[in-house]
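A.B. asks: Got a structure for you, written out below as structure tokens; questions coming shortly.
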Amino acid sequence: MASNKSLLILPGDGIGPEAMGEVRRIVGWMEDNRAVSFDIDEDLVGGSSIDKHGIPITDEVVDKAQNVDAVLLGAVGGPKWDNLDFSIKPERGLLRLRKDLELFANLRPAVCFDALVDASSLKPELVSGLDIMIVRELTGGVYFGEPRGIEDLGNGIRRGVNTQVYTTPEIHRVARVAFELAKKRNNRVCSSEKANVMESGVLWREEVTKIGESEFPEVELSHMYADAAAMELVRKPKQFDVIVTDNLFGDILSDCAAMLTGSLGMLPSASLGDVDETGRRKALYEPVHGSAPDIAGQNIANPIATILSYAMALRYSFDMGEEADLVEGAVQKVLESGIRTGDIMATGMTQVSTTEMGDAIIREL
Ligand code: NAI
Ligand code: MG
């Protein structure tokens, strides 16, 4: 079966290309065994783009990213580029992609694989079977609000200012993403803000409630102050299903939830934008971890976070939930069989390289 699904792969720097190599093999397996084909293009981002073009992403690559069904990114950055001016650092390539594609909803799943319950900072019974999806607003809020800056007030006193700002359309679109996800999961959304002390939180709560009542009456909506949510995440994480929250609280709550599941090398993410005239939603998939320069080039990195990011692309951009289940199931089985990369190694397990982990997952597929 021919198809015109298009995927742009940006391996980036450090362990990015190594992990992406294993994804390419799984993509190949899909083409051979599931009769799905992608138009795949591969290009440069981050330090590798700086080395070739002098800038962390070219207009041509941004243009490509605007016109594909999904972008899959490895990681960017490394010591080689640390001394560059902020405006041309590798990270700017990723920031430009997020901004130009207006990726306003950041999806951070926190899934605890049973084989890894011991890697969690919590007791196994608290995290076994954990499956949370945090939806973080990514393009608004206090990280972007005006006015901002550091002012000199005289007499040696300075004042730092950042402004939390949200408009109703910004709240509505991220709420819709959360409610739609909930419909495909367990029909539950918990919205989190600080409506007790922030007007922007009051607006957030009112508007999320409106969208829920008018467009998603079948989804159960609850509200929790962000500080309480942080406590509840580490006290009784399995009470949550989908959490929707703003940029700042989402940054903190998603990192907190991530650590419930163990290693950075296991965590995928998706960043979604608007649906265009053709019905296509802009989307970027990437592992949560960085380029891990300390272990780059040694064939020891864990490729699972990048592989699970590809599975998210299958599920959310290509409507291939069955294939996504296959990939996630294969990862789970490999972990159950005791195969581990160094970062998730435990006594009695078998330590393997990046490519051997890829071999094992493909064998399981
Ligand atoms: P990092 O996530 O690259 O590494 C943190 C630690 O976790 C390191 O010890 C690393 O070896 C380990 N680690 C990370 N991913 C792993 C994997 N898949 N398998 C095994 N071990 C893994 O974060 P760090 O060290 O703060 O940053 C390194 C570089 O990456 C910097 O240049 C930073 O700016 C960049 N970075 C890029 C991100 C991105 O592309 N989205 C995100 C975070 C950092
Ligand atoms: Mg963070």
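By convention in this document, the chains of the structure tokens carry letters A, B, ... by their order, each chain's residues are numbered from 1, and ligands are numbered from 1 in the order they are shown.
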Just the residues within 6 Å of Ala330 in chain A, please, counting only C-alpha atoms, with nothing from its chain fewer than 2 positions along; format it as number ranges by chain.
C.D. replies: A: 327-328, 332-333, 361, 364-365
A.B. asks: Can you pull out every residue with an atom within 9 Å of ligand 1? Use only C-alpha atoms and all ligand atoms and format it as number ranges by chain.
C.D. replies: A: 12-16, 19, 46, 73-82, 89-91, 94, 263-267, 286-296, 300-306, 341-344, 354
A.B. asks: Return as JSON lines the residues of chain A lying at most 7 Å from ligand 2, together with the closest atom-to-atom pair for each and the distance in Å to one decimal, counting only C-alpha atoms and all ligand atoms, with rows in chain order and ascending residue number.
C.D. replies:
```
{"residue": "A:Asp251", "atom": "CA", "partner": "ligand 2", "partner_atom_place_in_ligand_line": "1 (Mg)", "distance": 4.8}
{"residue": "A:Ile252", "atom": "CA", "partner": "ligand 2", "partner_atom_place_in_ligand_line": "1 (Mg)", "distance": 6.1}
{"residue": "A:Asp255", "atom": "CA", "partner": "ligand 2", "partner_atom_place_in_ligand_line": "1 (Mg)", "distance": 5.9}
```
A.B. asks: Print the selection's residues with C-alpha atoms to a file, as a compact mmCIF listing (two decimals), in the first residue's frame.
C.D. replies:
```txt
# COMPACT_ATOMS: atom_id res chain seq x y z
CA ASP A 251 7.58 22.71 33.08
CA ILE A 252 7.83 21.77 36.74
CA ASP A 255 9.82 17.06 35.10
```
A.B. asks: When distances are computed from only C-alpha atoms, which of A:Asp241, A:Met30, A:Lys99, A:Asp59 shows the smallest separation from Ala311 in chain A?
C.D. replies: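 Among the listed residues, the smallest separation from Ala311 in chain A belongs to A:Met30.
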A.B. asks: Please list as a short mmCIF file (atom, residue, chain, number, x, y, z; two decimals) with N, CA and C atoms, in the first residue's frame every residue within 7 Å of Ile150 in chain A, counting only C-alpha atoms and excluding residues in the same chain fewer than 2 positions away.
C.D. replies:
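Result saved to out.cif:
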```cif
data_model
loop_
_atom_site.label_atom_id
_atom_site.label_comp_id
_atom_site.auth_asym_id
_atom_site.auth_seq_id
_atom_site.Cartn_x
_atom_site.Cartn_y
_atom_site.Cartn_z
N ASP A 152 16.72 49.09 36.73
CA ASP A 152 17.48 49.73 37.79
C ASP A 152 16.59 50.79 38.44
N ARG A 158 17.50 46.92 42.24
CA ARG A 158 17.07 46.50 40.91
C ARG A 158 15.79 45.70 41.02
N ARG A 159 15.04 45.65 39.93
CA ARG A 159 13.78 44.91 39.94
C ARG A 159 13.72 44.00 38.71
N GLY A 160 13.43 42.71 38.95
CA GLY A 160 13.26 41.76 37.85
C GLY A 160 11.77 41.56 37.60
N VAL A 161 11.38 41.58 36.32
CA VAL A 161 9.96 41.48 35.99
C VAL A 161 9.70 40.43 34.93
#
```
A.B. asks: If you run DSSP on this backbone, which residues of range 55-112 of chain A come out as strand (DSSP E), and could you give them as a count of residues only?
C.D. replies: 13
A.B. asks: Range 64-237 of chain A: which residues are alpha helix (DSSP H) by DSSP, as a count of residues only?
C.D. replies: 62
A.B. asks: At a cut-off of 12 Å, using only C-alpha atoms, what residues contact range 34-39 of chain A? Leave out same-chain residues fewer than 6 positions from it and give the result as a ChimeraX atom specification.
C.D. replies: /A:1-9,24,26-28,67-71,313-314,318-320,322-324,326,365
A.B. asks: Residues at most 8 Å from Ser269 in chain A, counting only C-alpha atoms, excluding those fewer than 3 positions away in the same chain, as a PyMOL selection string?
C.D. replies: chain A and resi 106-109+285-288+309+312
A.B. asks: Just write the chosen residues, C-alpha atoms, as a tab-separated table (two decimals), in the first residue's frame.
C.D. replies:
```
chain	number	residue	atom	x	y	z
A	106	ASN	CA	3.64	19.91	24.77
A	107	LEU	CA	2.69	16.31	25.54
A	108	ARG	CA	4.82	14.61	28.16
A	109	PRO	CA	3.76	11.06	28.96
A	285	TYR	CA	8.45	14.60	18.37
A	286	GLU	CA	11.62	14.35	20.42
A	287	PRO	CA	13.08	12.62	23.46
A	288	VAL	CA	13.13	14.65	26.68
A	309	SER	CA	8.91	9.48	20.34
A	312	MET	CA	4.01	8.89	19.53
```
A.B. asks: Find the spatial neighbours of Val234 in chain A, counting only C-alpha atoms, within a cut-off of 10 Å - ignore same-chain residues fewer than 5 positions away - and output them as an MDAnalysis selection string.
C.D. replies: chainID A and resid 121:122 126:127 229 256:257 259:260
A.B. asks: With C-alpha atoms kept, could you save the residues just selected as an mmCIF file, in the first residue's frame?
C.D. replies:
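Contents of selection-v2.cif, as written:
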```
data_model
loop_
_atom_site.group_PDB
_atom_site.id
_atom_site.type_symbol
_atom_site.label_atom_id
_atom_site.label_comp_id
_atom_site.auth_asym_id
_atom_site.auth_seq_id
_atom_site.Cartn_x
_atom_site.Cartn_y
_atom_site.Cartn_z
ATOM 1 C CA SER A 121 12.196 7.241 43.301
ATOM 2 C CA LEU A 122 8.858 6.012 44.706
ATOM 3 C CA LEU A 126 2.822 3.628 43.885
ATOM 4 C CA VAL A 127 4.139 3.643 40.317
ATOM 5 C CA ALA A 229 -0.758 18.799 42.120
ATOM 6 C CA CYS A 256 8.480 15.899 38.445
ATOM 7 C CA ALA A 257 6.287 13.238 36.807
ATOM 8 C CA MET A 259 11.272 11.162 37.561
ATOM 9 C CA LEU A 260 8.509 8.864 38.801
#
```
A.B. asks: So which one's closest to Glu356 in chain A, A:Glu206, A:Asp227, A:Glu199, A:Glu22? Using only C-alpha atoms, please.
C.D. replies: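 Of A:Glu206, A:Asp227, A:Glu199, A:Glu22, the one nearest Glu356 in chain A is A:Glu22, counting only C-alpha atoms.
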A.B. asks: Figure out the distance between CA of Val62 in chain A and CA of Asp276 in chain A, please, to one decimal in Å.
C.D. replies: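 Atom-to-atom, CA of Asp276 in chain A and CA of Val62 in chain A are spaced 16.4 Å apart.
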A.B. asks: Which value, in Å to one decimal, gives the distance between CA of Ala182 in chain A and CA of Met133 in chain A?
C.D. replies: 9.0 Å
A.B. asks: Check the smallest atom-to-atom distance from each of A:Leu308, A:Ile171, A:Ser222, A:Met231 to Leu203 in chain A using only C-alpha atoms, then report the winner.
C.D. replies: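 Checking each candidate against Leu203 in chain A, we get A:Ile171 as the closest.
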A.B. asks: Mind checking which residues fall within 10 Å of Val165 in chain A, counting only C-alpha atoms, ignoring those fewer than 3 positions away in the same chain, and posting them as a list of chain:residue names?
C.D. replies: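 The contact residues come out as A:Gly140, A:Gly141, A:Val142, A:Tyr143, A:Phe144, A:Gly145, A:Glu146, A:Pro147, A:Asn162, A:Glu170, A:Glu199, A:Ser200, A:Gly201.
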A.B. asks: Please determine, counting only C-alpha atoms, which residue among A:Val189, A:Ala226, A:Met345, A:Val208 has the shortest atom-to-atom distance to Pro169 in chain A.
C.D. replies: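 Closest to Pro169 in chain A, using only C-alpha atoms: A:Val208.
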A.B. asks: In Å to one decimal, how far is CA of Glu218 in chain A from CA of Arg235 in chain A?
C.D. replies: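 For CA of Arg235 in chain A relative to CA of Glu218 in chain A, the distance reads 27.7 Å.
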